[in-house]
Amino acid sequence: MAKILTKEAVVPNIHAMVVQAPAIAAQVQPGQFVIVRADEDGERIPLSVADWNAAAGTITLIFMEVGGTTGKLAALKAGDNLPTVVGPLGIPTEIGEFGTVMCIGGCYGIGSIYPIARALKQKGNKVIMVMEARSSFLLYWEDRFKKLVDSLIIITRDGTKGYRGHVSRVPEIMKSLGRPVHRIIVNGCTFLLKRASDMSRPYEMKTIVSLNPIMIDGTGMCGVCRVTVGTETRFACVHGPDFDGHLVDWEELLQRRKTYIVEEEIAVTASRCEEHQAAIRESRP
Amino acid sequence: MTEPQPQQQKKKLDLDRREMPKQSPEVRRFNFSEVALGYPGETAMAEAARCLQCKKPLCVGNCPVEINIPGFIKHIADGDFPGAIRVLKEKNLLPAVCGRVCPQEEQCEKTCVLVKKGGQIAIGRLERFAADWEAAQGKAAIPDIPPSTGKKVAVVGGGPAGLTVAGDLILRGHAVTIFEALHKLGGVLTYGIPEFRLPKAIVNREVDYLKTLGVEVIADFVVGKTRTLDSILQEYDAVFIGAGAGLPWFMNIPGENLNGVYSANEYLTRMNLMKGFLFPEYDTPIKRHRKVAVVGGGNVAMDCARTALRLGAEVNIIYRRSRQELPARLEEVENAEEEGIIFKFLTLPIRYIGDERGWVKQIEYLKMQLGEPDASGRRSPVPIEGSETLMDVDAVVCAIGNSPNPMIPATTPGLQIGKKGNIVADEATGKTSMDRVWAGGDVVTGAATVILAMGAGRKAARSIHEYLSSR
Ligand SMILES: Cc1cc2nc3c(=O)[nH]c(=O)nc-3n(C[C@H](O)[C@H](O)[C@H](O)COP(=O)(O)OP(=O)(O)OC[C@H]3O[C@@H](n4cnc5c(N)ncnc54)[C@H](O)[C@@H]3O)c2cc1C
Ligand SMILES: Cc1cc2nc3c(=O)[nH]c(=O)nc-3n(C[C@H](O)[C@H](O)[C@H](O)COP(=O)(O)OP(=O)(O)OC[C@H]3O[C@@H](n4cnc5c(N)ncnc54)[C@H](O)[C@@H]3O)c2cc1C
Ligand code: SF4
Ligand code: SF4
Ligand code: FES
């Protein structure tokens with residue numbers, strides 16, 4: 001059981017929640033996640049740990065309201081309890097002395113990549129942060145990143161702030177920056193992860209993505225989170241969630257994410273991301 | 001049937017093994033309630049009266065926890081049910097569970113002297129009867145807890161092995177904390193074995209009983225992740241690892257990652273732990289498929305098949321050997337057959353074929369024949385060339401086995417691990433290669449049985465107690 005200390009909508013549809021979880025706060029490292037239940041009869045869903053305070057025994061979760069459980073989470077208030085918050089799970093993101101690292105975050109991934117960027121800086125890397133959103137009003141934590149990273153690049157789909165378009169514009173942006181990038185790390189929705197990997201493939205830049213398949217236990221017991229990476233089947237919860245984006249079988253991952261889409265119809269109305277909605281429409285029988 | 005010897009027998013040998021009432025197959029295939037209904041009191045007494053009360057009872061030697069079988073049966077025969085439960089609980093913390101899920105035909109009942117005449121005593125059913133009788137009285141007798149020894153033991157995993165260690169050690173005055181990764185205790189009893197075979201109310205009752213004895217339970221805590229074993233060792237005097245064999249195997253054949261192909265663990269966890277059959281009242285969805293193939297022949301495969309059937313599917317079991325070699329409990333095989341599960345013996349899947357949306361639509365399999373007996377004495381199946389056959393399905397459940405959970409081995413340097421990823425532990429004591437660390441159950445042996453896990457827990461508890469008392 002974990003008590004919710006604060007909860008706020010950071011932008012429409014994306015919420016930040018600080019919960020009391022001392023054991024996790026003492027142990028968590030960048031790139032790890034927890035499994036959460038919103039109520040006693042609830043489903044178990046994975047959420048990345050976007051920040052923590054070991055001394056205070058708290059962790060911060062950033063979640064996007066897309067369906068049943070994230071909807072229930074959004075309805076909770078400070079003072080309520082989450083029956084389950086378990087973790088930290090998964091293998092932490094590799095934090096090495098890489099040189100220049102580009103961190104790309106979209107939707108919840110803007111939050112979850114924050115501790116990764118911070119750890120990379122502490123290791124002495126130059127960090128370029130790329131934030132991607134549909135529109136300027138969906139951007140958050142700009143100030144936090146500005147204080148932290150060497151350069152902050154913003155891309156919005158509608159051009160209301162920064163560059164207009166998608167992450168596919170990154171190469172030309174990089175050219176104008178005139179700095180080589182030694183590694184790319186991407187957090188966010190599956191579409192962003194895939195697009196970023198497609199973008200960097202021709203340049204053979206190592207691209208690490210934090211995958212987000214369906215999960216249940218998060219401990220390697222059920223196998224629902226399996227993904228194909230290269231020629232191998234891996235369990236994202238124990239072998240990941242970070243993998244080489246150039247080796248992930250994206251078609252399969254996108255298919256598998258849709259397994260319960262008919263059952264999750266409510267998601268259609270709850271999710272305001274066009275790409276989710278299109279994916280849901282497409283896979284209706 | 002051979003006539004009883006015309007020797008001086010006080011009463012005539014009764015070989016009529018009493019049947020246990022069950023829900024009829026036509027009814028039970030549409031519900032999730034328990035299939036077997038248990039003996040009524042007079043039937044239990046009649047069945048118990050058949051026991052010969054052997055001076056040297058052969059049944060006992062084949063019970064992994066050596067229950068005084070004639071002892072508890074005598075009490076039932078005499079109508080002294082509290083006496084029966086007392087004798088059972090001397091050796092077995094979970095009689096309501098074991099009476100239901102032990103493979104009795106391979107254990108206690110196999111060596112009952114009456115087995116040769118086909119009239120072996122229904123030991124499991126009687127055990128279940130006594131336990132259910134006690135539960136129906138509403139309150140279990142709470143034994144006296146000895147004064148605290150001041151020693152603290154951590155138990156990793158709340159399955160049958162861990163629960164047994166916790167129960168045994170709390171009754172010896174040690175403080176016990178169970179750390180469990182999932183949000184509920186019970187291990188496979190909770191997330192794996194379905195409601196219709198083992199009602200969750202029974203498991204919860206046993207867990208609650210341990211709590212009333214004073215066992216502390218910390219759920220949602222993954223040892224190795226939330227805290228390492230080494231760090232736990234700094235706070236506790238001894239640690240028992242009963243983390244089970246939770247890692248599902250796949251066959252590594254094409255199409256295994258298609259939608260609609262599940263591991264047995266996923267399928268059963270959705271169903272049992274997360275109560276998927278009550279979706280959408282409960283949040284976790286489970287699909288209602290039309291035609292399901294279940295690959296495997298053990299208890300796990302039977303449970304998946306009968307679950308899919310109850311969700312409305314036609315179900316085929318794909319098993320590479322023949323009926324004789326099925327490793328599942330006989331009772332469950334018979335139940336499955338009665339319910340209309342179709343068995344495709346001597347078949348081996350070689351690939352799954354998907355539709356344009358990435359859902360499995362067909363399974364391709366080879367027909368097999370039995371060759372020479374292998375090392376285990378079982379005749380090994382050999383594929384028949386050119387026998388590829390297609391079957392239409394909309395889901396496949398892969399129930400071919402599990403290995404020990406790798407989480408603790410992977411995060412605990414210094415713990416000796418065997419070839420199959422199992423924790424190496426001494427068979428007699430459960431001691432591992434690490435100081436103050438014991439292990440037992442499926443994490444040591446690989447997937448086995450509830451009662452073997454409990455037996456291992458019992459031995460480890462004894463060894464832990466000896467260690468703690470010697471300091
Ligand atoms: C390791 C890991 C870390 C994660 N971290 C976070 C996090 O920090 N914050 C966060 O908001 N989410 C995170 N996710 C995703 C999150 O688990 C899902 O959004 C959540 O399970 C949705 O549950 P729901 O019941 O609300 O929606 P459901 O009703 O289960 O799903 C709604 C529908 O939207 C689709 N969908 C949901 N989320 C996504 C997505 N991100 N990309 C594409 N399709 C999606 C689903 O396939 C489904 O069809 C993470 C996932 C993983 C595996
Ligand atoms: C579907 C199915 C049907 C079966 N049917 C029968 C049957 O009819 N008869 C029979 O005798 N046997 C049956 N078995 C086998 C039997 O259930 C197991 O042998 C037995 O449960 C093993 O007990 P255990 O305590 O060793 O492990 P488990 O029951 O697996 O319990 C291990 C527990 O440890 C927890 N855990 C794992 N890792 C960690 C960690 N790092 N930190 C904290 N907790 C952790 C797990 O979540 C789990 O709760 C069946 C098994 C299955 C899967
Ligand atoms: S515990 Fe199992 S093996 Fe032992 S007597 Fe009971 S049913 Fe038989
Ligand atoms: S062997 Fe059979 S008849 Fe003899 S004591 Fe055991 S159960 Fe009774
Ligand atoms: S979530 Fe179950 S194995 Fe990864």
# chains A, B, ... in the order shown; residues from 1 in each chain; ligands from 1
>>> residues_near_ligand(ligand="ligand 3", cutoff="9 Å", atoms="only C-alpha atoms and all ligand atoms", output="ChimeraX atom specification")
/B:59-60,62-69,88,91-92,94-95,97-109,122-128,450-452
>>> write_last_selection(atoms="N, CA and C atoms", output="short mmCIF file (atom, residue, chain, number, x, y, z; two decimals), in the first residue's frame")
data_model
loop_
_atom_site.label_atom_id
_atom_site.label_comp_id
_atom_site.auth_asym_id
_atom_site.auth_seq_id
_atom_site.Cartn_x
_atom_site.Cartn_y
_atom_site.Cartn_z
N CYS B 59 1.13 -46.87 3.23
CA CYS B 59 0.71 -45.58 2.69
C CYS B 59 1.59 -44.45 3.21
N VAL B 60 1.92 -44.48 4.51
CA VAL B 60 2.62 -43.36 5.14
C VAL B 60 3.97 -43.09 4.49
N ASN B 62 4.86 -43.25 1.60
CA ASN B 62 4.79 -42.59 0.30
C ASN B 62 4.11 -41.23 0.36
N CYS B 63 3.89 -40.74 1.56
CA CYS B 63 3.42 -39.36 1.72
C CYS B 63 4.64 -38.51 2.04
N PRO B 64 4.95 -37.52 1.22
CA PRO B 64 6.19 -36.75 1.43
C PRO B 64 6.29 -36.09 2.80
N VAL B 65 5.16 -35.85 3.48
CA VAL B 65 5.29 -35.26 4.82
C VAL B 65 4.91 -36.26 5.91
N GLU B 66 4.79 -37.53 5.52
CA GLU B 66 4.59 -38.62 6.49
C GLU B 66 3.45 -38.38 7.46
N ILE B 67 2.32 -38.08 6.92
CA ILE B 67 1.12 -37.94 7.76
C ILE B 67 0.82 -39.31 8.39
N ASN B 68 0.36 -39.31 9.63
CA ASN B 68 -0.08 -40.53 10.28
C ASN B 68 -1.45 -40.88 9.68
N ILE B 69 -1.40 -41.55 8.54
CA ILE B 69 -2.62 -41.75 7.76
C ILE B 69 -3.63 -42.64 8.50
N LEU B 88 -3.81 -34.64 11.41
CA LEU B 88 -3.35 -34.10 10.11
C LEU B 88 -2.41 -32.92 10.31
N LYS B 91 1.43 -32.77 10.89
CA LYS B 91 2.40 -32.91 9.79
C LYS B 91 2.11 -32.00 8.61
N ASN B 92 0.88 -31.57 8.48
CA ASN B 92 0.51 -30.88 7.24
C ASN B 92 -0.27 -29.61 7.56
N LEU B 94 -1.48 -27.57 5.37
CA LEU B 94 -2.49 -27.25 4.36
C LEU B 94 -3.29 -28.48 3.91
N PRO B 95 -3.97 -29.14 4.84
CA PRO B 95 -4.67 -30.36 4.44
C PRO B 95 -5.80 -30.12 3.43
N VAL B 97 -5.76 -28.12 1.06
CA VAL B 97 -5.13 -27.96 -0.25
C VAL B 97 -4.63 -29.32 -0.75
N CYS B 98 -3.87 -30.02 0.09
CA CYS B 98 -3.28 -31.29 -0.35
C CYS B 98 -4.35 -32.32 -0.64
N GLY B 99 -5.39 -32.36 0.17
CA GLY B 99 -6.47 -33.31 -0.09
C GLY B 99 -7.05 -33.11 -1.47
N ARG B 100 -6.95 -31.90 -1.98
CA ARG B 100 -7.50 -31.60 -3.31
C ARG B 100 -6.49 -31.79 -4.44
N VAL B 101 -5.24 -31.37 -4.22
CA VAL B 101 -4.35 -31.31 -5.39
C VAL B 101 -3.18 -32.30 -5.38
N CYS B 102 -2.97 -33.04 -4.31
CA CYS B 102 -1.89 -34.04 -4.34
C CYS B 102 -2.18 -35.07 -5.43
N PRO B 103 -1.15 -35.50 -6.15
CA PRO B 103 -1.35 -36.62 -7.07
C PRO B 103 -1.38 -37.92 -6.26
N GLN B 104 -2.49 -38.17 -5.58
CA GLN B 104 -2.54 -39.27 -4.62
C GLN B 104 -2.22 -40.62 -5.27
N GLU B 105 -2.65 -40.78 -6.52
CA GLU B 105 -2.43 -42.08 -7.16
C GLU B 105 -0.95 -42.39 -7.36
N GLU B 106 -0.12 -41.34 -7.24
CA GLU B 106 1.33 -41.56 -7.33
C GLU B 106 1.96 -41.58 -5.95
N GLN B 107 1.22 -41.15 -4.94
CA GLN B 107 1.80 -41.05 -3.60
C GLN B 107 1.10 -41.98 -2.64
N CYS B 108 0.49 -41.42 -1.60
CA CYS B 108 -0.03 -42.26 -0.51
C CYS B 108 -0.92 -43.41 -1.00
N GLU B 109 -1.80 -43.13 -1.96
CA GLU B 109 -2.77 -44.17 -2.35
C GLU B 109 -2.13 -45.26 -3.19
N ALA B 122 -9.41 -43.86 -0.16
CA ALA B 122 -9.38 -42.51 -0.75
C ALA B 122 -8.82 -41.53 0.27
N ILE B 123 -7.51 -41.61 0.47
CA ILE B 123 -6.86 -40.85 1.54
C ILE B 123 -7.01 -39.35 1.33
N GLY B 124 -6.81 -38.92 0.08
CA GLY B 124 -6.91 -37.49 -0.23
C GLY B 124 -8.31 -36.96 0.08
N ARG B 125 -9.32 -37.71 -0.33
CA ARG B 125 -10.69 -37.24 -0.10
C ARG B 125 -10.99 -37.15 1.38
N LEU B 126 -10.44 -38.07 2.15
CA LEU B 126 -10.69 -38.04 3.60
C LEU B 126 -9.97 -36.87 4.24
N GLU B 127 -8.76 -36.61 3.75
CA GLU B 127 -7.99 -35.48 4.27
C GLU B 127 -8.77 -34.18 4.02
N ARG B 128 -9.25 -34.07 2.80
CA ARG B 128 -10.03 -32.91 2.43
C ARG B 128 -11.28 -32.79 3.30
N VAL B 450 2.91 -29.58 -4.86
CA VAL B 450 2.64 -28.81 -3.66
C VAL B 450 3.23 -29.52 -2.44
N ILE B 451 2.97 -30.80 -2.34
CA ILE B 451 3.38 -31.49 -1.12
C ILE B 451 4.90 -31.65 -1.06
N LEU B 452 5.56 -31.77 -2.19
CA LEU B 452 7.03 -31.83 -2.16
C LEU B 452 7.60 -30.48 -1.73
#
>>> residues_near_ligand(ligand="ligand 5", cutoff="12 Å", atoms="only C-alpha atoms and all ligand atoms", output="short mmCIF file (atom, residue, chain, number, x, y, z; two decimals) with N, CA, C and O atoms, in the first residue's frame")
data_model
loop_
_atom_site.label_atom_id
_atom_site.label_comp_id
_atom_site.auth_asym_id
_atom_site.auth_seq_id
_atom_site.Cartn_x
_atom_site.Cartn_y
_atom_site.Cartn_z
N PHE A 33 11.14 0.84 -13.56
CA PHE A 33 9.70 1.11 -13.49
C PHE A 33 9.10 0.42 -12.29
O PHE A 33 9.75 -0.40 -11.63
N VAL A 34 7.85 0.76 -12.00
CA VAL A 34 7.10 0.07 -10.95
C VAL A 34 5.83 -0.51 -11.57
O VAL A 34 5.43 -0.11 -12.66
N ILE A 35 5.20 -1.43 -10.87
CA ILE A 35 3.88 -1.90 -11.27
C ILE A 35 2.89 -1.39 -10.24
O ILE A 35 3.15 -1.44 -9.03
N ARG A 44 -2.91 -4.64 -13.12
CA ARG A 44 -1.55 -4.20 -12.78
C ARG A 44 -0.97 -3.52 -14.02
O ARG A 44 -0.95 -4.12 -15.09
N ILE A 45 -0.50 -2.30 -13.90
CA ILE A 45 0.13 -1.65 -15.06
C ILE A 45 1.52 -1.10 -14.69
O ILE A 45 1.75 -0.67 -13.56
N PRO A 46 2.43 -1.14 -15.67
CA PRO A 46 3.77 -0.61 -15.43
C PRO A 46 3.83 0.89 -15.66
O PRO A 46 3.23 1.41 -16.59
N LEU A 89 11.54 -2.23 -10.88
CA LEU A 89 11.67 -3.39 -11.76
C LEU A 89 12.45 -3.02 -13.02
O LEU A 89 12.60 -1.84 -13.35
N GLY A 90 12.91 -4.04 -13.71
CA GLY A 90 13.65 -3.84 -14.95
C GLY A 90 15.11 -3.51 -14.68
O GLY A 90 15.51 -3.22 -13.55
N LEU A 211 11.10 0.06 -24.00
CA LEU A 211 9.88 -0.52 -24.58
C LEU A 211 8.74 -0.59 -23.56
O LEU A 211 8.97 -0.70 -22.36
N ASN A 212 7.52 -0.55 -24.09
CA ASN A 212 6.36 -0.56 -23.20
C ASN A 212 5.27 -1.54 -23.62
O ASN A 212 4.14 -1.15 -23.87
N PRO A 213 5.62 -2.84 -23.69
CA PRO A 213 4.59 -3.83 -24.01
C PRO A 213 3.62 -4.01 -22.84
O PRO A 213 3.87 -3.50 -21.75
N ILE A 214 2.57 -4.75 -23.07
CA ILE A 214 1.65 -5.11 -21.99
C ILE A 214 2.41 -5.95 -20.96
O ILE A 214 3.25 -6.76 -21.31
N MET A 215 2.14 -5.70 -19.68
CA MET A 215 2.79 -6.47 -18.62
C MET A 215 1.76 -6.88 -17.58
O MET A 215 0.70 -6.24 -17.46
N ILE A 216 2.08 -7.92 -16.82
CA ILE A 216 1.22 -8.28 -15.68
C ILE A 216 2.05 -8.27 -14.39
O ILE A 216 1.88 -7.41 -13.54
N ASP A 217 2.95 -9.22 -14.26
CA ASP A 217 3.68 -9.36 -13.00
C ASP A 217 4.92 -8.48 -12.95
O ASP A 217 5.30 -8.00 -11.89
N GLY A 218 5.60 -8.33 -14.09
CA GLY A 218 6.83 -7.53 -14.10
C GLY A 218 8.03 -8.26 -13.52
O GLY A 218 9.07 -7.65 -13.28
N THR A 219 7.92 -9.56 -13.27
CA THR A 219 9.04 -10.31 -12.68
C THR A 219 9.49 -11.48 -13.54
O THR A 219 10.22 -12.35 -13.09
N GLY A 220 9.02 -11.55 -14.79
CA GLY A 220 9.46 -12.64 -15.65
C GLY A 220 8.61 -13.90 -15.55
O GLY A 220 8.99 -14.96 -16.01
N MET A 221 7.44 -13.80 -14.96
CA MET A 221 6.63 -14.99 -14.70
C MET A 221 5.60 -15.27 -15.78
O MET A 221 5.28 -16.44 -16.03
N CYS A 222 5.05 -14.24 -16.43
CA CYS A 222 3.91 -14.52 -17.30
C CYS A 222 4.26 -14.53 -18.78
O CYS A 222 3.56 -15.13 -19.59
N GLY A 223 5.32 -13.85 -19.17
CA GLY A 223 5.73 -13.87 -20.58
C GLY A 223 4.91 -13.00 -21.51
O GLY A 223 5.15 -12.99 -22.72
N VAL A 224 3.95 -12.24 -21.00
CA VAL A 224 3.12 -11.43 -21.91
C VAL A 224 3.95 -10.29 -22.51
O VAL A 224 3.65 -9.79 -23.58
N CYS A 225 5.02 -9.90 -21.83
CA CYS A 225 5.81 -8.75 -22.26
C CYS A 225 6.87 -9.13 -23.28
O CYS A 225 7.77 -8.37 -23.54
N ARG A 226 6.77 -10.34 -23.88
CA ARG A 226 7.87 -10.77 -24.74
C ARG A 226 7.93 -9.96 -26.04
O ARG A 226 6.91 -9.61 -26.61
N VAL A 227 9.15 -9.66 -26.42
CA VAL A 227 9.41 -8.88 -27.63
C VAL A 227 10.52 -9.60 -28.38
O VAL A 227 11.32 -10.32 -27.78
N THR A 233 13.79 -13.93 -28.48
CA THR A 233 12.64 -13.48 -27.71
C THR A 233 13.12 -13.05 -26.34
O THR A 233 13.82 -13.79 -25.66
N ARG A 234 12.79 -11.82 -25.96
CA ARG A 234 13.21 -11.30 -24.65
C ARG A 234 11.96 -10.90 -23.86
O ARG A 234 10.96 -10.51 -24.44
N PHE A 235 12.05 -10.99 -22.53
CA PHE A 235 10.97 -10.51 -21.67
C PHE A 235 11.33 -9.08 -21.27
O PHE A 235 12.31 -8.85 -20.57
N ALA A 236 10.52 -8.11 -21.72
CA ALA A 236 10.87 -6.71 -21.48
C ALA A 236 11.00 -6.39 -19.99
O ALA A 236 11.79 -5.55 -19.61
N CYS A 237 10.25 -7.07 -19.14
CA CYS A 237 10.27 -6.69 -17.72
C CYS A 237 11.56 -7.10 -17.01
O CYS A 237 11.95 -6.44 -16.06
N VAL A 238 12.19 -8.18 -17.44
CA VAL A 238 13.43 -8.60 -16.77
C VAL A 238 14.68 -8.43 -17.63
O VAL A 238 15.77 -8.22 -17.10
N HIS A 239 14.56 -8.53 -18.93
CA HIS A 239 15.73 -8.32 -19.80
C HIS A 239 15.81 -6.87 -20.24
O HIS A 239 16.80 -6.44 -20.80
N GLY A 240 14.75 -6.11 -20.06
CA GLY A 240 14.67 -4.72 -20.50
C GLY A 240 14.31 -3.85 -19.32
O GLY A 240 14.70 -4.18 -18.21
N PRO A 241 13.53 -2.78 -19.53
CA PRO A 241 12.80 -2.46 -20.76
C PRO A 241 13.66 -1.84 -21.86
O PRO A 241 13.17 -1.64 -22.95
N ALA B 181 6.34 -11.25 -3.98
CA ALA B 181 6.43 -10.35 -5.13
C ALA B 181 5.06 -9.87 -5.62
O ALA B 181 4.90 -8.72 -6.02
N LEU B 182 4.09 -10.77 -5.59
CA LEU B 182 2.76 -10.41 -6.10
C LEU B 182 1.95 -9.73 -5.00
O LEU B 182 2.41 -9.61 -3.87
N GLY B 246 8.79 -20.05 -11.72
CA GLY B 246 7.80 -19.22 -12.41
C GLY B 246 8.15 -18.85 -13.83
O GLY B 246 7.38 -18.19 -14.50
N LEU B 247 9.31 -19.28 -14.32
CA LEU B 247 9.74 -18.81 -15.64
C LEU B 247 9.17 -19.70 -16.74
O LEU B 247 9.52 -20.87 -16.83
N PRO B 248 8.26 -19.17 -17.56
CA PRO B 248 7.59 -20.05 -18.53
C PRO B 248 8.49 -20.40 -19.73
O PRO B 248 9.24 -19.57 -20.21
N TRP B 249 8.36 -21.64 -20.16
CA TRP B 249 9.09 -22.07 -21.35
C TRP B 249 8.25 -21.85 -22.58
O TRP B 249 7.03 -22.00 -22.56
N TYR B 262 -0.44 -17.64 -25.78
CA TYR B 262 -0.17 -17.29 -24.38
C TYR B 262 0.75 -18.31 -23.74
O TYR B 262 0.74 -19.47 -24.09
N SER B 263 1.49 -17.87 -22.72
CA SER B 263 2.07 -18.86 -21.82
C SER B 263 0.97 -19.27 -20.86
O SER B 263 0.03 -18.50 -20.61
N ALA B 264 1.07 -20.48 -20.33
CA ALA B 264 0.07 -20.93 -19.36
C ALA B 264 0.02 -19.97 -18.18
O ALA B 264 -1.05 -19.66 -17.66
N ASN B 265 1.19 -19.48 -17.77
CA ASN B 265 1.21 -18.56 -16.63
C ASN B 265 0.41 -17.30 -16.90
O ASN B 265 -0.31 -16.83 -16.03
N GLU B 266 0.55 -16.75 -18.10
CA GLU B 266 -0.22 -15.54 -18.40
C GLU B 266 -1.71 -15.86 -18.36
O GLU B 266 -2.50 -15.16 -17.73
N TYR B 267 -2.07 -16.93 -19.04
CA TYR B 267 -3.48 -17.28 -19.16
C TYR B 267 -4.09 -17.50 -17.77
O TYR B 267 -5.14 -16.95 -17.44
N LEU B 268 -3.39 -18.28 -16.96
CA LEU B 268 -3.92 -18.62 -15.64
C LEU B 268 -3.86 -17.42 -14.69
O LEU B 268 -4.75 -17.24 -13.86
N THR B 269 -2.82 -16.61 -14.80
CA THR B 269 -2.71 -15.45 -13.92
C THR B 269 -3.84 -14.46 -14.19
O THR B 269 -4.47 -13.95 -13.27
N ARG B 270 -4.09 -14.20 -15.46
CA ARG B 270 -5.21 -13.32 -15.80
C ARG B 270 -6.49 -13.85 -15.18
O ARG B 270 -7.33 -13.11 -14.67
N ASN B 405 12.55 -19.41 -11.00
CA ASN B 405 12.56 -17.97 -11.16
C ASN B 405 13.99 -17.43 -11.08
O ASN B 405 14.65 -17.63 -10.08
N PRO B 406 14.47 -16.73 -12.10
CA PRO B 406 15.88 -16.30 -12.12
C PRO B 406 16.17 -15.02 -11.34
O PRO B 406 17.33 -14.64 -11.21
N MET B 407 15.13 -14.37 -10.81
CA MET B 407 15.33 -13.06 -10.20
C MET B 407 16.37 -13.08 -9.07
O MET B 407 17.27 -12.25 -9.02
#
>>> interface_residues(of="chain A", to="chain B", cutoff="6 Å", atoms="only C-alpha atoms", output="VMD selection string")
chain A and resid 24 41 to 43 86 to 88 221 to 222 256
>>> residues_near_ligand(ligand="ligand 1", cutoff="7 Å", atoms="only C-alpha atoms and all ligand atoms", output="PyMOL selection string")
chain A and resi 33+45-50+61-71+108-109+112+188-191+210-215+237+241+257-258+260-261+264+266-267+276+280
>>> atom_distance(atom1="CA of Gly430 (chain B)", atom2="atom 7 (C, counted along the ligand's line) of ligand 2")
22.4 Å
>>> residues_around(residues="region 51-56 of chain A", least_positions_apart="2", cutoff="10 Å", atoms="only C-alpha atoms", output="ChimeraX atom specification")
/A:18-30,48-49,58-62,111-116
>>> closest_residue(among="B:Asn422, B:Thr347, B:Ser380, B:Ser322", to="ligand 2", atoms="only C-alpha atoms and all ligand atoms")
B:Asn422
>>> atom_distance(atom1="atom 48 (C, counted along the ligand's line) of ligand 2", atom2="CA of Leu213 (chain B)")
20.8 Å
>>> select_by_dssp(residues="region 41-232 of chain B", states="strand (DSSP E or B)", output="PyMOL selection string")
chain B and resi 152-156+175-179+216-218+223+227
>>> write_last_selection(atoms="N, CA, C and O atoms", output="compact mmCIF listing (two decimals), in the first residue's frame")
# COMPACT_ATOMS: atom_id res chain seq x y z
N LYS B 152 14.88 -13.58 14.16
CA LYS B 152 14.04 -13.16 13.03
C LYS B 152 14.38 -13.93 11.76
O LYS B 152 15.55 -14.03 11.39
N VAL B 153 13.35 -14.43 11.11
CA VAL B 153 13.55 -15.18 9.87
C VAL B 153 12.78 -14.50 8.75
O VAL B 153 11.61 -14.15 8.91
N ALA B 154 13.44 -14.33 7.59
CA ALA B 154 12.77 -13.80 6.40
C ALA B 154 12.47 -14.96 5.47
O ALA B 154 13.32 -15.81 5.23
N VAL B 155 11.24 -15.01 4.96
CA VAL B 155 10.84 -16.03 4.01
C VAL B 155 10.55 -15.33 2.68
O VAL B 155 9.76 -14.40 2.63
N VAL B 156 11.21 -15.77 1.62
CA VAL B 156 11.02 -15.15 0.31
C VAL B 156 10.06 -16.01 -0.51
O VAL B 156 10.38 -17.13 -0.87
N ALA B 175 10.34 -14.95 15.12
CA ALA B 175 9.55 -13.96 14.37
C ALA B 175 9.75 -14.24 12.88
O ALA B 175 10.86 -14.48 12.44
N VAL B 176 8.65 -14.23 12.12
CA VAL B 176 8.74 -14.57 10.70
C VAL B 176 8.11 -13.48 9.85
O VAL B 176 7.01 -13.01 10.14
N THR B 177 8.83 -13.08 8.79
CA THR B 177 8.28 -12.14 7.81
C THR B 177 8.31 -12.80 6.44
O THR B 177 9.35 -13.31 6.02
N ILE B 178 7.16 -12.80 5.76
CA ILE B 178 7.13 -13.32 4.38
C ILE B 178 7.18 -12.14 3.41
O ILE B 178 6.38 -11.21 3.53
N PHE B 179 8.10 -12.19 2.47
CA PHE B 179 8.16 -11.19 1.39
C PHE B 179 7.62 -11.82 0.13
O PHE B 179 8.12 -12.87 -0.32
N GLU B 216 4.26 -12.05 9.88
CA GLU B 216 4.13 -10.76 9.21
C GLU B 216 4.23 -10.98 7.70
O GLU B 216 5.06 -11.75 7.23
N VAL B 217 3.35 -10.31 6.95
CA VAL B 217 3.33 -10.50 5.51
C VAL B 217 3.59 -9.17 4.81
O VAL B 217 2.91 -8.19 5.07
N ILE B 218 4.60 -9.15 3.95
CA ILE B 218 4.85 -7.95 3.15
C ILE B 218 4.69 -8.34 1.68
O ILE B 218 5.54 -9.01 1.11
N VAL B 223 12.14 -9.53 -3.79
CA VAL B 223 13.49 -9.66 -3.24
C VAL B 223 14.47 -9.78 -4.41
O VAL B 223 14.24 -10.52 -5.37
N ARG B 227 14.76 -5.02 -2.56
CA ARG B 227 15.90 -5.10 -1.66
C ARG B 227 16.67 -6.35 -2.03
O ARG B 227 16.06 -7.37 -2.36
>>> closest_residue(among="B:Pro349, B:Gly354, B:Pro70, B:Gly162", to="Ala456 (chain B)", atoms="only C-alpha atoms")
B:Gly162
>>> atom_distance(atom1="atom 23 (O, counted along the ligand's line) of ligand 2", atom2="CA of Arg379 (chain B)")
28.5 Å
>>> residues_near_ligand(ligand="ligand 4", cutoff="10 Å", atoms="only C-alpha atoms and all ligand atoms", output="ChimeraX atom specification")
/B:48-62,68-74,108-115,119-123
>>> residues_around(residues="Cys304 (chain B)", least_positions_apart="5", cutoff="10 Å", atoms="only C-alpha atoms", output="number ranges by chain")
B: 192-194, 263-265, 267-268, 271, 292-296, 299, 309-310, 315, 317, 397-399
